[in-house]
>>> print(open('coords_15.pdb').read())   # PDB, C-alpha atoms and all ligand atoms
MODEL        1
ATOM      1  CA  MET L   1      -8.467  21.515 -13.473
ATOM      2  CA  THR L   2      -9.002  21.299  -9.761
ATOM      3  CA  GLU L   3      -7.736  18.213  -8.030
ATOM      4  CA  THR L   4      -9.643  16.839  -5.108
ATOM      5  CA  GLU L   5      -6.709  16.808  -2.729
ATOM      6  CA  GLY L   6      -7.281  14.619   0.251
ATOM      7  CA  VAL L   7      -9.841  12.286  -1.225
ATOM      8  CA  ILE L   8      -8.717   8.721  -0.613
ATOM      9  CA  LYS L   9      -8.332   7.015  -3.982
ATOM     10  CA  PHE L  10      -6.746   3.795  -2.799
ATOM     11  CA  ASP L  11      -8.250   0.581  -1.573
ATOM     12  CA  LEU L  12      -7.722   1.026   2.165
ATOM     13  CA  LYS L  13      -7.905  -1.721   4.727
ATOM     14  CA  TRP L  14      -7.786   0.073   8.053
ATOM     15  CA  HIS L  15      -8.156  -1.312  11.544
ATOM     16  CA  ALA L  16      -8.612   0.958  14.548
ATOM     17  CA  GLY L  17      -5.738   0.433  16.965
ATOM     18  CA  PRO L  18      -3.595   2.101  19.598
ATOM     19  CA  ALA L  19      -1.438   5.122  18.828
ATOM     20  CA  TRP L  20       2.247   4.621  17.967
ATOM     21  CA  GLN L  21       4.508   5.253  20.935
ATOM     22  CA  GLY L  22       7.982   6.114  19.744
ATOM     23  CA  PRO L  23      10.454   8.959  19.317
ATOM     24  CA  GLU L  24       9.439   9.427  15.644
ATOM     25  CA  ILE L  25       6.254  11.289  16.663
ATOM     26  CA  GLU L  26       8.126  14.214  18.225
ATOM     27  CA  VAL L  27      10.394  14.529  15.166
ATOM     28  CA  LEU L  28       7.482  14.425  12.721
ATOM     29  CA  ASP L  29       5.454  16.932  14.719
ATOM     30  CA  ARG L  30       8.400  19.310  14.929
ATOM     31  CA  TRP L  31       8.991  19.302  11.164
ATOM     32  CA  ARG L  32       5.251  19.478  10.629
ATOM     33  CA  SER L  33       5.275  22.759  12.594
ATOM     34  CA  HIS L  34       7.917  24.153  10.220
ATOM     35  CA  MET L  35       5.795  23.079   7.246
ATOM     36  CA  LEU L  36       2.697  24.720   8.736
ATOM     37  CA  ALA L  37       4.632  27.948   9.322
ATOM     38  CA  HIS L  38       5.748  27.945   5.661
ATOM     39  CA  GLU L  39       2.207  27.096   4.525
ATOM     40  CA  VAL L  40       3.356  24.011   2.622
ATOM     41  CA  LEU L  41       1.093  21.910   4.863
ATOM     42  CA  GLY L  42      -2.218  22.841   6.404
ATOM     43  CA  GLN L  43      -5.794  23.635   5.563
ATOM     44  CA  ILE L  44      -6.514  27.051   4.076
ATOM     45  CA  PRO L  45      -9.970  27.938   2.640
ATOM     46  CA  ALA L  46      -8.518  29.669  -0.428
ATOM     47  CA  ARG L  47      -6.330  26.711  -1.428
ATOM     48  CA  TYR L  48      -7.440  23.369  -2.952
ATOM     49  CA  ASP L  49     -11.137  23.958  -2.217
ATOM     50  CA  GLY L  50     -10.421  23.961   1.494
ATOM     51  CA  PHE L  51      -9.012  20.431   1.615
ATOM     52  CA  GLY L  52      -6.077  19.712   3.905
ATOM     53  CA  PHE L  53      -2.704  19.376   2.165
ATOM     54  CA  GLY L  54       0.742  18.009   2.990
ATOM     55  CA  ASN L  55       1.762  14.962   5.005
ATOM     56  CA  LEU L  56       4.806  13.392   6.655
ATOM     57  CA  SER L  57       6.030   9.891   7.321
ATOM     58  CA  ALA L  58       8.824   7.932   8.994
ATOM     59  CA  ARG L  59       9.969   4.384   8.338
ATOM     60  CA  VAL L  60       9.248   2.109  11.297
ATOM     61  CA  SER L  61       8.973  -1.645  11.633
ATOM     62  CA  PRO L  62       6.883  -3.133   9.991
ATOM     63  CA  GLY L  63       6.144  -0.311   7.532
ATOM     64  CA  PHE L  64       5.866   3.416   8.069
ATOM     65  CA  LEU L  65       4.193   5.918  10.297
ATOM     66  CA  ILE L  66       2.213   8.634   8.454
ATOM     67  CA  SER L  67       0.030  11.587   9.380
ATOM     68  CA  GLY L  68      -3.697  10.914   9.267
ATOM     69  CA  THR L  69      -5.991  11.937   6.433
ATOM     70  CA  GLN L  70      -7.485  15.454   6.685
ATOM     71  CA  THR L  71      -5.470  16.479   9.737
ATOM     72  CA  GLY L  72      -4.112  19.667   8.125
ATOM     73  CA  ALA L  73      -6.090  22.010  10.336
ATOM     74  CA  SER L  74      -4.525  20.797  13.604
ATOM     75  CA  ALA L  75      -1.601  22.758  15.050
ATOM     76  CA  THR L  76       0.002  19.622  16.456
ATOM     77  CA  LEU L  77      -0.986  16.005  15.967
ATOM     78  CA  GLY L  78       0.670  14.000  18.735
ATOM     79  CA  PRO L  79       0.494  10.181  18.699
ATOM     80  CA  GLU L  80      -3.272  10.220  18.031
ATOM     81  CA  GLY L  81      -2.758  11.900  14.652
ATOM     82  CA  TYR L  82      -0.629   9.207  13.018
ATOM     83  CA  ALA L  83      -1.433   5.837  11.459
ATOM     84  CA  VAL L  84       0.927   2.937  10.834
ATOM     85  CA  VAL L  85       0.909   1.571   7.287
ATOM     86  CA  VAL L  86       1.767  -2.105   7.707
ATOM     87  CA  GLY L  87       1.435  -3.328   4.121
ATOM     88  CA  TRP L  88       0.797  -2.233   0.546
ATOM     89  CA  GLU L  89       0.519  -3.401  -3.028
ATOM     90  CA  LEU L  90       1.420  -0.610  -5.452
ATOM     91  CA  SER L  91       0.010  -2.225  -8.591
ATOM     92  CA  GLN L  92      -3.299  -2.852  -6.825
ATOM     93  CA  ASN L  93      -3.422   0.614  -5.219
ATOM     94  CA  ARG L  94      -3.930  -1.176  -1.912
ATOM     95  CA  VAL L  95      -2.846  -0.088   1.566
ATOM     96  CA  THR L  96      -3.245  -1.843   4.910
ATOM     97  CA  ALA L  97      -2.983   0.349   7.995
ATOM     98  CA  ARG L  98      -3.829   0.521  11.671
ATOM     99  CA  GLY L  99      -3.940   3.161  14.364
ATOM    100  CA  PRO L 100      -6.218   5.822  15.822
ATOM    101  CA  VAL L 101      -6.739   7.567  12.432
ATOM    102  CA  LYS L 102      -6.881   6.581   8.764
ATOM    103  CA  PRO L 103      -3.612   7.235   6.907
ATOM    104  CA  SER L 104      -3.048  10.107   4.485
ATOM    105  CA  SER L 105      -4.638   9.759   1.066
ATOM    106  CA  GLU L 106      -1.118   9.953  -0.365
ATOM    107  CA  SER L 107       0.216   6.920   1.487
ATOM    108  CA  LEU L 108       0.943   5.042  -1.748
ATOM    109  CA  THR L 109       3.445   7.663  -2.900
ATOM    110  CA  HIS L 110       5.293   7.282   0.401
ATOM    111  CA  ALA L 111       5.128   3.476   0.081
ATOM    112  CA  ALA L 112       6.673   3.677  -3.402
ATOM    113  CA  LEU L 113       9.648   5.632  -2.075
ATOM    114  CA  TYR L 114      10.241   3.361   0.914
ATOM    115  CA  GLU L 115      10.060   0.385  -1.406
ATOM    116  CA  ALA L 116      12.424   1.884  -3.995
ATOM    117  CA  GLU L 117      15.026   3.297  -1.621
ATOM    118  CA  PRO L 118      15.977   1.283   1.471
ATOM    119  CA  ALA L 119      18.038   4.234   2.771
ATOM    120  CA  VAL L 120      14.987   6.507   2.976
ATOM    121  CA  ALA L 121      13.701   6.856   6.526
ATOM    122  CA  TRP L 122      11.792  10.162   6.387
ATOM    123  CA  ILE L 123       9.444  11.670   3.783
ATOM    124  CA  PHE L 124       7.901  15.134   3.916
ATOM    125  CA  HIS L 125       5.296  15.984   1.272
ATOM    126  CA  GLY L 126       4.242  19.596   0.928
ATOM    127  CA  HIS L 127       2.572  22.006  -1.449
ATOM    128  CA  SER L 128       4.424  25.121  -2.551
ATOM    129  CA  PRO L 129       3.359  27.090  -5.644
ATOM    130  CA  VAL L 130       6.754  28.807  -5.672
ATOM    131  CA  LEU L 131       8.877  25.655  -5.455
ATOM    132  CA  TRP L 132       6.598  23.946  -7.975
ATOM    133  CA  ARG L 133       7.193  26.772 -10.466
ATOM    134  CA  HIS L 134      10.963  26.920 -10.024
ATOM    135  CA  GLY L 135      11.911  23.392  -8.952
ATOM    136  CA  GLU L 136      13.010  22.236 -12.391
ATOM    137  CA  ALA L 137      15.076  25.390 -12.919
ATOM    138  CA  LEU L 138      16.755  24.634  -9.572
ATOM    139  CA  GLY L 139      17.733  21.199 -10.882
ATOM    140  CA  LEU L 140      15.127  19.077  -9.115
ATOM    141  CA  PRO L 141      13.672  16.022 -10.920
ATOM    142  CA  LEU L 142      10.077  16.416 -12.071
ATOM    143  CA  THR L 143       7.476  13.647 -12.357
ATOM    144  CA  ASP L 144       5.496  13.414 -15.596
ATOM    145  CA  PRO L 145       2.874  16.228 -15.584
ATOM    146  CA  ALA L 146       0.358  13.825 -17.163
ATOM    147  CA  VAL L 147       0.393  11.587 -14.081
ATOM    148  CA  PRO L 148      -2.027  12.607 -11.292
ATOM    149  CA  TYR L 149      -1.486  12.045  -7.578
ATOM    150  CA  GLY L 150      -2.726   9.030  -5.679
ATOM    151  CA  THR L 151      -2.472   6.633  -8.618
ATOM    152  CA  PRO L 152      -0.278   3.588  -9.279
ATOM    153  CA  ALA L 153       1.196   5.624 -12.147
ATOM    154  CA  MET L 154       2.404   8.318  -9.710
ATOM    155  CA  ALA L 155       3.910   5.630  -7.491
ATOM    156  CA  ALA L 156       5.759   4.315 -10.557
ATOM    157  CA  GLU L 157       6.954   7.830 -11.453
ATOM    158  CA  VAL L 158       8.285   8.384  -7.957
ATOM    159  CA  LYS L 159      10.129   5.071  -8.115
ATOM    160  CA  ARG L 160      11.556   5.937 -11.523
ATOM    161  CA  LEU L 161      13.015   9.248 -10.336
ATOM    162  CA  SER L 162      13.904   8.400  -6.747
ATOM    163  CA  ARG L 163      17.526   7.421  -7.373
ATOM    164  CA  GLU L 164      18.231  10.546  -9.396
ATOM    165  CA  ALA L 165      16.588  12.642  -6.676
ATOM    166  CA  MET L 166      18.631  10.907  -3.953
ATOM    167  CA  GLN L 167      21.842  11.747  -5.814
ATOM    168  CA  ARG L 168      20.850  15.404  -5.966
ATOM    169  CA  ALA L 169      18.962  17.218  -3.200
ATOM    170  CA  GLY L 170      16.555  14.454  -2.157
ATOM    171  CA  ILE L 171      13.608  16.482  -3.439
ATOM    172  CA  LEU L 172      11.176  15.574  -6.224
ATOM    173  CA  ILE L 173       8.682  17.924  -7.848
ATOM    174  CA  MET L 174       5.346  16.269  -8.638
ATOM    175  CA  GLY L 175       4.562  17.574 -12.106
ATOM    176  CA  GLY L 176       1.036  16.169 -12.175
ATOM    177  CA  HIS L 177       0.125  17.196  -8.629
ATOM    178  CA  GLU L 178      -0.433  20.940  -8.350
ATOM    179  CA  ASP L 179       2.225  22.567  -6.134
ATOM    180  CA  GLY L 180       3.381  19.170  -4.848
ATOM    181  CA  PHE L 181       6.916  18.272  -3.798
ATOM    182  CA  ILE L 182       8.448  15.412  -1.798
ATOM    183  CA  ALA L 183      11.568  15.775   0.350
ATOM    184  CA  PHE L 184      13.123  12.554   1.581
ATOM    185  CA  GLY L 185      16.243  10.870   2.914
ATOM    186  CA  GLY L 186      17.821   9.005   5.775
ATOM    187  CA  ASP L 187      18.092  11.805   8.327
ATOM    188  CA  ALA L 188      15.109  13.964   9.337
ATOM    189  CA  GLU L 189      17.150  17.064  10.120
ATOM    190  CA  ARG L 190      18.889  16.992   6.744
ATOM    191  CA  VAL L 191      15.642  16.316   4.881
ATOM    192  CA  GLY L 192      13.877  19.182   6.629
ATOM    193  CA  GLY L 193      16.862  21.505   6.306
ATOM    194  CA  ARG L 194      17.119  20.927   2.555
ATOM    195  CA  MET L 195      13.379  21.425   2.183
ATOM    196  CA  LEU L 196      13.627  24.850   3.854
ATOM    197  CA  ASP L 197      16.736  25.727   1.795
ATOM    198  CA  TYR L 198      14.947  24.971  -1.475
ATOM    199  CA  LEU L 199      11.800  26.845  -0.446
ATOM    200  CA  ASP L 200      14.065  29.813   0.193
ATOM    201  CA  LEU L 201      15.948  29.391  -3.108
ATOM    202  CA  ALA L 202      12.665  29.157  -5.005
ATOM    203  CA  SER L 203      11.242  32.298  -3.418
ATOM    204  CA  ARG L 204      14.407  34.164  -4.440
ATOM    205  CA  GLU L 205      13.764  33.086  -8.032
ATOM    206  CA  GLU L 206      10.451  34.969  -7.835
ATOM    207  CA  THR L 207      12.051  38.363  -7.264
TER     208      THR L 207
HETATM  209 ZN    ZN U 301      -0.355  16.540  -2.017
ENDMDL
END
>>> encode(input="coords_15.pdb", output="structure tokens")
Amino acid sequence: MTETEGVIKFDLKWHAGPAWQGPEIEVLDRWRSHMLAHEVLGQIPARYDGFGFGNLSARVSPGFLISGTQTGASATLGPEGYAVVVGWELSQNRVTARGPVKPSSESLTHAALYEAEPAVAWIFHGHSPVLWRHGEALGLPLTDPAVPYGTPAMAAEVKRLSREAMQRAGILIMGGHEDGFIAFGGDAERVGGRMLDYLDLASREET
């Protein structure tokens, strides 16, 4: 089954507005560059029917900052590439956002984590076939493979496993979202560092 990555499934209320001006943009763009280099974020014709994949967010007041939908092909985003999600309703699959771009189609998964774990300040979502294959063997929690991305059920799965994931490496494997993982925590450098460590561990499992 081929998923249509990147297609917005939620009820989005978006208002065009000015770009976010804050230090979070530089941090997100820097880790985004690492993710592009490792091909866990981007837009590659041979993968996912050419849809963009991967997204990043940071908790800000009054919600969170997240990369825009279908921005995977850009080398850097800068302030113009991020939206601010200012409200959400998980059970209704509803997101309210503003900014120069529409938010990632996976905003609800990020919202679920921020809601479940007050200590989470950064979330990096990427796609790695290798980590997806070996994540469970490496001890990472796995969401129910029957639950597809971008649904209230996935948001509930992420909430269910978030505490367990926080107590381990701060990484969840999305069983029902091909190649998907989420790295998260309170400190961007630690979140990104652990993400790279686990990508490396998983690739060693391949050999
Ligand atoms: Zn994804």
>>> residues_near_ligand(input="coords_15.pdb", ligand="ligand ZN 301 (chain U)", cutoff="9 Å", atoms="all atoms listed in the file", output="VMD selection string")
chain L and resid 5 to 6 41 52 to 55 105 to 106 125 to 127 149 to 150 174 177 to 182
>>> resolve_selection(input="coords_15.pdb", expression="the PyMOL selection byres (((chain L and resi 158-173) around 7) and not hetatm)", output="list in words")
Ala112, Leu113, Ala116, Trp132, Gly135, Leu140, Pro141, Leu142, Thr143, Met154, Ala155, Ala156, Glu157, Met174, Gly175, Gly180, Phe181, Ile182, Ala183, Phe184 and Gly185 of chain L
>>> atom_distance(input="coords_15.pdb", atom1="CA of Glu136 in chain L", atom2="CA of Glu117 in chain L")
21.9 Å
>>> residues_around(input="coords_15.pdb", residues="Ala73 in chain L", least_positions_apart="5", cutoff="9 Å", atoms="only C-alpha atoms", output="PyMOL selection string")
chain L and resi 42-44+52
>>> resolve_selection(input="coords_15.pdb", expression="the PyMOL selection byres (((chain L and resi 62) around 12) and not hetatm)", output="ChimeraX atom specification")
/L:58-61,63-65,84-88,96-98,114
>>> closest_residue(input="coords_15.pdb", among="L:Thr69, L:Thr109, L:Ser203, L:Gln21", to="Ser128 in chain L", atoms="all atoms listed in the file")
L:Ser203
>>> closest_residue(input="coords_15.pdb", among="L:Asp200, L:Glu206, L:Glu189, L:Glu80", to="Arg30 in chain L", atoms="only C-alpha atoms")
L:Glu189
>>> axis_aligned_box(input="coords_15.pdb", around="range 175-189 of chain L", padding_each_side="6 Å", output="lines of an AutoDock Vina configuration file")
center_x = 8.8
center_y = 15.8
center_z = -1.0
size_x = 30.5
size_y = 25.6
size_z = 34.3
>>> atom_distance(input="coords_15.pdb", atom1="CA of Ser107 in chain L", atom2="CA of Pro152 in chain L")
11.3 Å
>>> atom_distance(input="coords_15.pdb", atom1="CA of Tyr198 in chain L", atom2="CA of Ser57 in chain L")
19.6 Å
>>> closest_residue(input="coords_15.pdb", among="L:His15, L:His38, L:Arg32, L:Arg47", to="Val101 in chain L", atoms="only C-alpha atoms")
L:His15
>>> closest_residue(input="coords_15.pdb", among="L:Gly139, L:Gly81, L:Leu90, L:Leu199", to="Glu39 in chain L", atoms="all atoms listed in the file")
L:Leu199
>>> build_atoms(input="coords_15.pdb", residues="range 91-121 of chain L", atoms="N, CA and C atoms", output="PDB file, keeping the file's coordinate frame")
ATOM      1  N   SER L  91       0.732  -1.982  -7.331  1.00  0.00           N
ATOM      2  CA  SER L  91       0.010  -2.225  -8.591  1.00  0.00           C
ATOM      3  C   SER L  91      -1.490  -2.350  -8.358  1.00  0.00           C
ATOM      4  N   GLN L  92      -1.874  -2.709  -7.153  1.00  0.00           N
ATOM      5  CA  GLN L  92      -3.299  -2.852  -6.825  1.00  0.00           C
ATOM      6  C   GLN L  92      -3.856  -1.600  -6.163  1.00  0.00           C
ATOM      7  N   ASN L  93      -2.996  -0.608  -5.910  1.00  0.00           N
ATOM      8  CA  ASN L  93      -3.422   0.614  -5.219  1.00  0.00           C
ATOM      9  C   ASN L  93      -3.975   0.303  -3.825  1.00  0.00           C
ATOM     10  N   ARG L  94      -3.372  -0.682  -3.169  1.00  0.00           N
ATOM     11  CA  ARG L  94      -3.930  -1.176  -1.912  1.00  0.00           C
ATOM     12  C   ARG L  94      -3.001  -0.881  -0.738  1.00  0.00           C
ATOM     13  N   VAL L  95      -3.600  -0.418   0.363  1.00  0.00           N
ATOM     14  CA  VAL L  95      -2.846  -0.088   1.566  1.00  0.00           C
ATOM     15  C   VAL L  95      -3.529  -0.731   2.771  1.00  0.00           C
ATOM     16  N   THR L  96      -2.730  -1.312   3.649  1.00  0.00           N
ATOM     17  CA  THR L  96      -3.245  -1.843   4.910  1.00  0.00           C
ATOM     18  C   THR L  96      -2.632  -1.029   6.040  1.00  0.00           C
ATOM     19  N   ALA L  97      -3.476  -0.530   6.943  1.00  0.00           N
ATOM     20  CA  ALA L  97      -2.983   0.349   7.995  1.00  0.00           C
ATOM     21  C   ALA L  97      -3.753   0.112   9.287  1.00  0.00           C
ATOM     22  N   ARG L  98      -3.139   0.574  10.384  1.00  0.00           N
ATOM     23  CA  ARG L  98      -3.829   0.521  11.671  1.00  0.00           C
ATOM     24  C   ARG L  98      -3.438   1.755  12.477  1.00  0.00           C
ATOM     25  N   GLY L  99      -4.231   2.012  13.514  1.00  0.00           N
ATOM     26  CA  GLY L  99      -3.940   3.161  14.364  1.00  0.00           C
ATOM     27  C   GLY L  99      -5.195   3.924  14.690  1.00  0.00           C
ATOM     28  N   PRO L 100      -5.048   5.046  15.394  1.00  0.00           N
ATOM     29  CA  PRO L 100      -6.218   5.822  15.822  1.00  0.00           C
ATOM     30  C   PRO L 100      -6.874   6.627  14.697  1.00  0.00           C
ATOM     31  N   VAL L 101      -6.174   6.837  13.576  1.00  0.00           N
ATOM     32  CA  VAL L 101      -6.739   7.567  12.432  1.00  0.00           C
ATOM     33  C   VAL L 101      -6.438   6.809  11.146  1.00  0.00           C
ATOM     34  N   LYS L 102      -7.191   7.137  10.080  1.00  0.00           N
ATOM     35  CA  LYS L 102      -6.881   6.581   8.764  1.00  0.00           C
ATOM     36  C   LYS L 102      -5.664   7.309   8.198  1.00  0.00           C
ATOM     37  N   PRO L 103      -4.836   6.606   7.424  1.00  0.00           N
ATOM     38  CA  PRO L 103      -3.612   7.235   6.907  1.00  0.00           C
ATOM     39  C   PRO L 103      -3.910   8.238   5.796  1.00  0.00           C
ATOM     40  N   SER L 104      -2.957   9.127   5.565  1.00  0.00           N
ATOM     41  CA  SER L 104      -3.048  10.107   4.485  1.00  0.00           C
ATOM     42  C   SER L 104      -3.454   9.466   3.169  1.00  0.00           C
ATOM     43  N   SER L 105      -4.218  10.232   2.387  1.00  0.00           N
ATOM     44  CA  SER L 105      -4.638   9.759   1.066  1.00  0.00           C
ATOM     45  C   SER L 105      -3.457   9.558   0.128  1.00  0.00           C
ATOM     46  N   GLU L 106      -2.287  10.080   0.500  1.00  0.00           N
ATOM     47  CA  GLU L 106      -1.118   9.953  -0.365  1.00  0.00           C
ATOM     48  C   GLU L 106      -0.140   8.886   0.127  1.00  0.00           C
ATOM     49  N   SER L 107      -0.644   7.968   0.919  1.00  0.00           N
ATOM     50  CA  SER L 107       0.216   6.920   1.487  1.00  0.00           C
ATOM     51  C   SER L 107       0.939   6.100   0.431  1.00  0.00           C
ATOM     52  N   LEU L 108       0.313   5.885  -0.725  1.00  0.00           N
ATOM     53  CA  LEU L 108       0.943   5.042  -1.748  1.00  0.00           C
ATOM     54  C   LEU L 108       2.218   5.668  -2.303  1.00  0.00           C
ATOM     55  N   THR L 109       2.240   6.988  -2.416  1.00  0.00           N
ATOM     56  CA  THR L 109       3.445   7.663  -2.900  1.00  0.00           C
ATOM     57  C   THR L 109       4.591   7.446  -1.910  1.00  0.00           C
ATOM     58  N   HIS L 110       4.277   7.539  -0.628  1.00  0.00           N
ATOM     59  CA  HIS L 110       5.293   7.282   0.401  1.00  0.00           C
ATOM     60  C   HIS L 110       5.759   5.823   0.307  1.00  0.00           C
ATOM     61  N   ALA L 111       4.793   4.905   0.158  1.00  0.00           N
ATOM     62  CA  ALA L 111       5.128   3.476   0.081  1.00  0.00           C
ATOM     63  C   ALA L 111       6.079   3.212  -1.087  1.00  0.00           C
ATOM     64  N   ALA L 112       5.834   3.878  -2.218  1.00  0.00           N
ATOM     65  CA  ALA L 112       6.673   3.677  -3.402  1.00  0.00           C
ATOM     66  C   ALA L 112       8.120   4.066  -3.113  1.00  0.00           C
ATOM     67  N   LEU L 113       8.299   5.170  -2.397  1.00  0.00           N
ATOM     68  CA  LEU L 113       9.648   5.632  -2.075  1.00  0.00           C
ATOM     69  C   LEU L 113      10.345   4.702  -1.088  1.00  0.00           C
ATOM     70  N   TYR L 114       9.627   4.279  -0.055  1.00  0.00           N
ATOM     71  CA  TYR L 114      10.241   3.361   0.914  1.00  0.00           C
ATOM     72  C   TYR L 114      10.612   2.048   0.250  1.00  0.00           C
ATOM     73  N   GLU L 115       9.794   1.638  -0.694  1.00  0.00           N
ATOM     74  CA  GLU L 115      10.060   0.385  -1.406  1.00  0.00           C
ATOM     75  C   GLU L 115      11.268   0.535  -2.334  1.00  0.00           C
ATOM     76  N   ALA L 116      11.359   1.684  -3.008  1.00  0.00           N
ATOM     77  CA  ALA L 116      12.424   1.884  -3.995  1.00  0.00           C
ATOM     78  C   ALA L 116      13.778   2.151  -3.352  1.00  0.00           C
ATOM     79  N   GLU L 117      13.775   2.827  -2.221  1.00  0.00           N
ATOM     80  CA  GLU L 117      15.026   3.297  -1.621  1.00  0.00           C
ATOM     81  C   GLU L 117      15.142   2.862  -0.158  1.00  0.00           C
ATOM     82  N   PRO L 118      15.854   1.775   0.084  1.00  0.00           N
ATOM     83  CA  PRO L 118      15.977   1.283   1.471  1.00  0.00           C
ATOM     84  C   PRO L 118      16.599   2.303   2.431  1.00  0.00           C
ATOM     85  N   ALA L 119      17.383   3.254   1.893  1.00  0.00           N
ATOM     86  CA  ALA L 119      18.038   4.234   2.771  1.00  0.00           C
ATOM     87  C   ALA L 119      17.089   5.341   3.221  1.00  0.00           C
ATOM     88  N   VAL L 120      15.927   5.431   2.602  1.00  0.00           N
ATOM     89  CA  VAL L 120      14.987   6.507   2.976  1.00  0.00           C
ATOM     90  C   VAL L 120      14.283   6.152   4.276  1.00  0.00           C
ATOM     91  N   ALA L 121      14.346   7.073   5.221  1.00  0.00           N
ATOM     92  CA  ALA L 121      13.701   6.856   6.526  1.00  0.00           C
ATOM     93  C   ALA L 121      12.658   7.924   6.835  1.00  0.00           C
TER      94      ALA L 121
END
